[in-house]
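Reviewing the structure listed below.
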Amino acid sequence: MTTQFVRMNRRQLVLGAGGLLSSLYFSNRALSAAGSRVVELTASETKVDLVRPGTPTNVWAFNNAVPGPEIRIRRGERLRVRVKNELREETTVHWHGIRLPNSMDGVPHLTQQPIKSGEEFEYSFACPDAGTYWYHPHQRSFEQVGRGLYGPLIVEDHERLDVDREITWVLGDWRLLNDASISNDFGHLHDVTHAGRIGNTVTVNGLVTDSVPVRAGERIHFRLINAATARIFGLDFENHSPLIIALDGHAVEPHSPENKLVVLGPGMRVDVLLDFSGEAGTKYRVVDRYYRGREYRLLEFAYSSGQSVKPRSGSTRLASTILPEPDLTLASRHEIVLDGGMMSGMQSAIVDDEELDVRALIRKRLFWAINGVAATSHVHKPMVTLKHGQSCVLKIINKSGWPHPMHLHGHAFRLLSRNGQPTKYREWLDTVLLAAREQVEIAFVADNLGDWMFHCHVLEHDVGGMKGVIRVA
Ligand code: C2O
Ligand code: CU
């Protein structure tokens, strides 16, 4: 195995009884955490090698690593995490995609007081659904996530797929200067008003990766997580046929991606099964083709010249998560209009109950609105209130000329349609990527009490006003 794989495995952190693969992942640190059953996550400034070994970059990270430790737990088990804040500013941790009690959701001022510098907070919640999740701060997330504060959270099911290996890829995107330091222009006006902070250096598990060793014949379950603040990925696994088996952690009917590209907007996860059907000794690229004219090689798979392994033919289907099915005939219906950004016709927006024109909005660095409201902080009135237990359909209309990955906290929703066309798989998601001027319909049962964020996961759009609260009461 290459150093890269060693690096990756050392970061693995296994909790609970542990699955078949756990023995591969155990490290001393992981064992001690499993023994006490409380995970310690310390956020601090540190240095890590992002670009190449021996060229450190100052980052903000959990437990001195980017990504932070991979937390693994069994479905139904309780996760306890003590977060220590050694940053010079306040923070929180949000458990993206987990259906947890509102008080554990990690949204500053809305669900908890921010964790002050030098203080700590203990999160404790059960993880009801198996799947691929992740954690990251929700305080000034455009900068805190952008500087490296994020990590994978894997909820294991009681049964496993018949695969040779499971590999998590946390995709990160950085804007680095020539000396490998992070460009300090977080919240730059151009990024906030356009596609967000798209960087110049993409990392896989915190390192620019050249090649990943594989064996002919093996079947690998990849857990892909997009932790970038703005970059959308469209991965082309050249000469291979990726099978999508889960989206945002939730099982979906196994299918090949449209146009052969595995697309992940910020915040999104895709689980992919890949059969390595190539010949021993060959190499194949994984190319990110999302942005036309800016394609690049993410890495390559290098088949070992050794013996091939016997191909697997077991089921490719993950067990479905058990989620309440929304009743579309009785559902309450709401429209959610996204607007703003460069070249939009947005003339004004409501800010803290006051209507402001474009000039006043620019002074406040607000450029985006949901239903006419540009949100300044995490304290604001709900834009929609749903009755506890009620089914609802949200029609989300993107009036802007930019794509937006819209994320709802505390629930999973079915994606019913895009531009009026029913979706083929009615997938469960927690983040839906809307193309420019696209409309989608989502449906869910509002079964989780509390105030939940609904926001764009392009974190520069989020800070630029594109967020709101959905109240379940
Ligand atoms: Cu991944 Cu509100 O966030
Ligand atoms: Cu957006």
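Scheme for the structure tokens: letters A, B, ... for chains in order shown; per-chain residue numbers from 1; ligand numbers from 1 in order shown.
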Open item on the list: With only C-alpha atoms as the counted atoms, please give the residues lying no more than 12 Å from A:His190, apart from itself and same-chain residues fewer than 6 positions off, as a PyMOL selection string.
Closed with: chain A and resi 196-198+341-342+362+365+367+460-461+464
Open item on the list: Can you tell me which residues surround stretch 137-150 of chain A at a distance of at most 9 Å, considering only C-alpha atoms, apart from same-chain residues fewer than 2 positions away, and format the answer as an NGL selection string?
Closed with: :A and (43-44 or 58-62 or 65-69 or 90-95 or 106-108 or 114 or 134-135 or 152 or 172-175 or 182 or 186-187 or 197 or 206 or 227-229 or 458-463)
Please dump the current selection as an mmCIF file, in the first residue's frame; keep C-alpha atoms.
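So selection_25.cif came out as:
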```cif
data_model
loop_
_atom_site.group_PDB
_atom_site.id
_atom_site.type_symbol
_atom_site.label_atom_id
_atom_site.label_comp_id
_atom_site.auth_asym_id
_atom_site.auth_seq_id
_atom_site.Cartn_x
_atom_site.Cartn_y
_atom_site.Cartn_z
ATOM 1 C CA ALA A 43 -10.641 22.401 16.636
ATOM 2 C CA SER A 44 -7.387 24.292 16.367
ATOM 3 C CA ASN A 58 -1.479 26.414 7.939
ATOM 4 C CA VAL A 59 -5.031 25.178 8.312
ATOM 5 C CA TRP A 60 -7.802 24.993 10.892
ATOM 6 C CA ALA A 61 -8.518 21.354 11.624
ATOM 7 C CA PHE A 62 -10.109 18.818 13.940
ATOM 8 C CA ALA A 65 -5.821 16.450 10.560
ATOM 9 C CA VAL A 66 -7.674 17.327 7.370
ATOM 10 C CA PRO A 67 -10.137 15.795 7.147
ATOM 11 C CA GLY A 68 -10.758 15.244 10.833
ATOM 12 C CA PRO A 69 -11.024 11.679 12.122
ATOM 13 C CA GLU A 90 -16.354 30.825 18.347
ATOM 14 C CA THR A 91 -17.441 27.632 16.644
ATOM 15 C CA THR A 92 -20.069 24.849 16.617
ATOM 16 C CA VAL A 93 -20.284 21.447 14.960
ATOM 17 C CA HIS A 94 -23.169 20.455 12.704
ATOM 18 C CA TRP A 95 -23.743 16.755 11.904
ATOM 19 C CA GLY A 106 -24.969 22.743 15.972
ATOM 20 C CA VAL A 107 -26.422 25.959 14.547
ATOM 21 C CA PRO A 108 -25.132 28.947 16.526
ATOM 22 C CA PRO A 114 -21.624 29.094 20.035
ATOM 23 C CA TRP A 134 -20.078 14.373 7.649
ATOM 24 C CA TYR A 135 -19.477 17.043 10.248
ATOM 25 C CA PRO A 152 -16.527 12.058 7.719
ATOM 26 C CA GLY A 172 -11.712 19.315 -0.511
ATOM 27 C CA ASP A 173 -11.007 22.428 -2.541
ATOM 28 C CA TRP A 174 -8.457 25.106 -1.640
ATOM 29 C CA ARG A 175 -7.334 28.443 -2.944
ATOM 30 C CA ILE A 182 -4.239 29.535 1.962
ATOM 31 C CA PHE A 186 -12.512 34.568 2.436
ATOM 32 C CA GLY A 187 -15.838 36.205 1.727
ATOM 33 C CA ARG A 197 -15.042 30.382 -3.537
ATOM 34 C CA GLY A 206 -6.651 16.158 2.614
ATOM 35 C CA ALA A 227 -16.630 19.090 1.700
ATOM 36 C CA ALA A 228 -15.713 21.985 -0.618
ATOM 37 C CA THR A 229 -17.336 25.313 0.143
ATOM 38 C CA VAL A 458 -22.255 27.110 -1.344
ATOM 39 C CA LEU A 459 -21.091 28.652 1.892
ATOM 40 C CA GLU A 460 -20.386 32.047 0.328
ATOM 41 C CA HIS A 461 -24.023 32.175 -0.806
ATOM 42 C CA ASP A 462 -25.102 31.171 2.677
ATOM 43 C CA VAL A 463 -23.188 34.055 4.259
#
```
How close does each residue of chain A get to ligand 2, giving the shortest atom pair and distance in Å to one decimal for every residue with an atom at most 10 Å away, counting only C-alpha atoms and all ligand atoms, sorted by chain and residue number, as a Markdown table?
```
| residue | atom | partner | partner_atom_place_in_ligand_line | distance |
| --- | --- | --- | --- | --- |
| A:Val192 | CA | ligand 2 | 1 (Cu) | 9.1 |
| A:Thr193 | CA | ligand 2 | 1 (Cu) | 9.5 |
| A:His194 | CA | ligand 2 | 1 (Cu) | 8.9 |
| A:Ala195 | CA | ligand 2 | 1 (Cu) | 7.5 |
| A:Gly196 | CA | ligand 2 | 1 (Cu) | 7.7 |
| A:Ala230 | CA | ligand 2 | 1 (Cu) | 8.4 |
| A:Pro266 | CA | ligand 2 | 1 (Cu) | 9.6 |
| A:Leu338 | CA | ligand 2 | 1 (Cu) | 8.6 |
| A:Asp339 | CA | ligand 2 | 1 (Cu) | 9.3 |
| A:Gly340 | CA | ligand 2 | 1 (Cu) | 9.3 |
| A:Gly341 | CA | ligand 2 | 1 (Cu) | 8.8 |
| A:Trp368 | CA | ligand 2 | 1 (Cu) | 8.1 |
| A:Ala369 | CA | ligand 2 | 1 (Cu) | 9.9 |
| A:Asn398 | CA | ligand 2 | 1 (Cu) | 9.5 |
| A:Ser400 | CA | ligand 2 | 1 (Cu) | 9.2 |
| A:Trp402 | CA | ligand 2 | 1 (Cu) | 7.0 |
| A:Pro403 | CA | ligand 2 | 1 (Cu) | 6.2 |
| A:His404 | CA | ligand 2 | 1 (Cu) | 3.8 |
| A:Pro405 | CA | ligand 2 | 1 (Cu) | 6.2 |
| A:Met406 | CA | ligand 2 | 1 (Cu) | 7.2 |
| A:Leu433 | CA | ligand 2 | 1 (Cu) | 9.2 |
| A:Leu434 | CA | ligand 2 | 1 (Cu) | 8.9 |
| A:Ala435 | CA | ligand 2 | 1 (Cu) | 10.0 |
| A:Ala436 | CA | ligand 2 | 1 (Cu) | 9.9 |
| A:His455 | CA | ligand 2 | 1 (Cu) | 8.0 |
| A:Cys456 | CA | ligand 2 | 1 (Cu) | 4.6 |
| A:His457 | CA | ligand 2 | 1 (Cu) | 6.4 |
| A:Val458 | CA | ligand 2 | 1 (Cu) | 4.9 |
| A:Leu459 | CA | ligand 2 | 1 (Cu) | 7.5 |
| A:Glu460 | CA | ligand 2 | 1 (Cu) | 7.6 |
| A:His461 | CA | ligand 2 | 1 (Cu) | 4.7 |
| A:Asp462 | CA | ligand 2 | 1 (Cu) | 6.8 |
| A:Val463 | CA | ligand 2 | 1 (Cu) | 9.8 |
| A:Gly464 | CA | ligand 2 | 1 (Cu) | 9.1 |
| A:Gly465 | CA | ligand 2 | 1 (Cu) | 9.5 |
| A:Met466 | CA | ligand 2 | 1 (Cu) | 6.7 |
| A:Lys467 | CA | ligand 2 | 1 (Cu) | 9.2 |
```
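Summary of the local environment: counting only C-alpha atoms, residues at most 6 Å from A:Cys392, other than itself and those fewer than 2 positions away along its chain, are Ala331, Ser332, Arg333, Ala443 and Phe444 of chain A.
For the pair atom CA of A:Pro213 and atom CA of A:Leu50, the interatomic distance is 19.6 Å.
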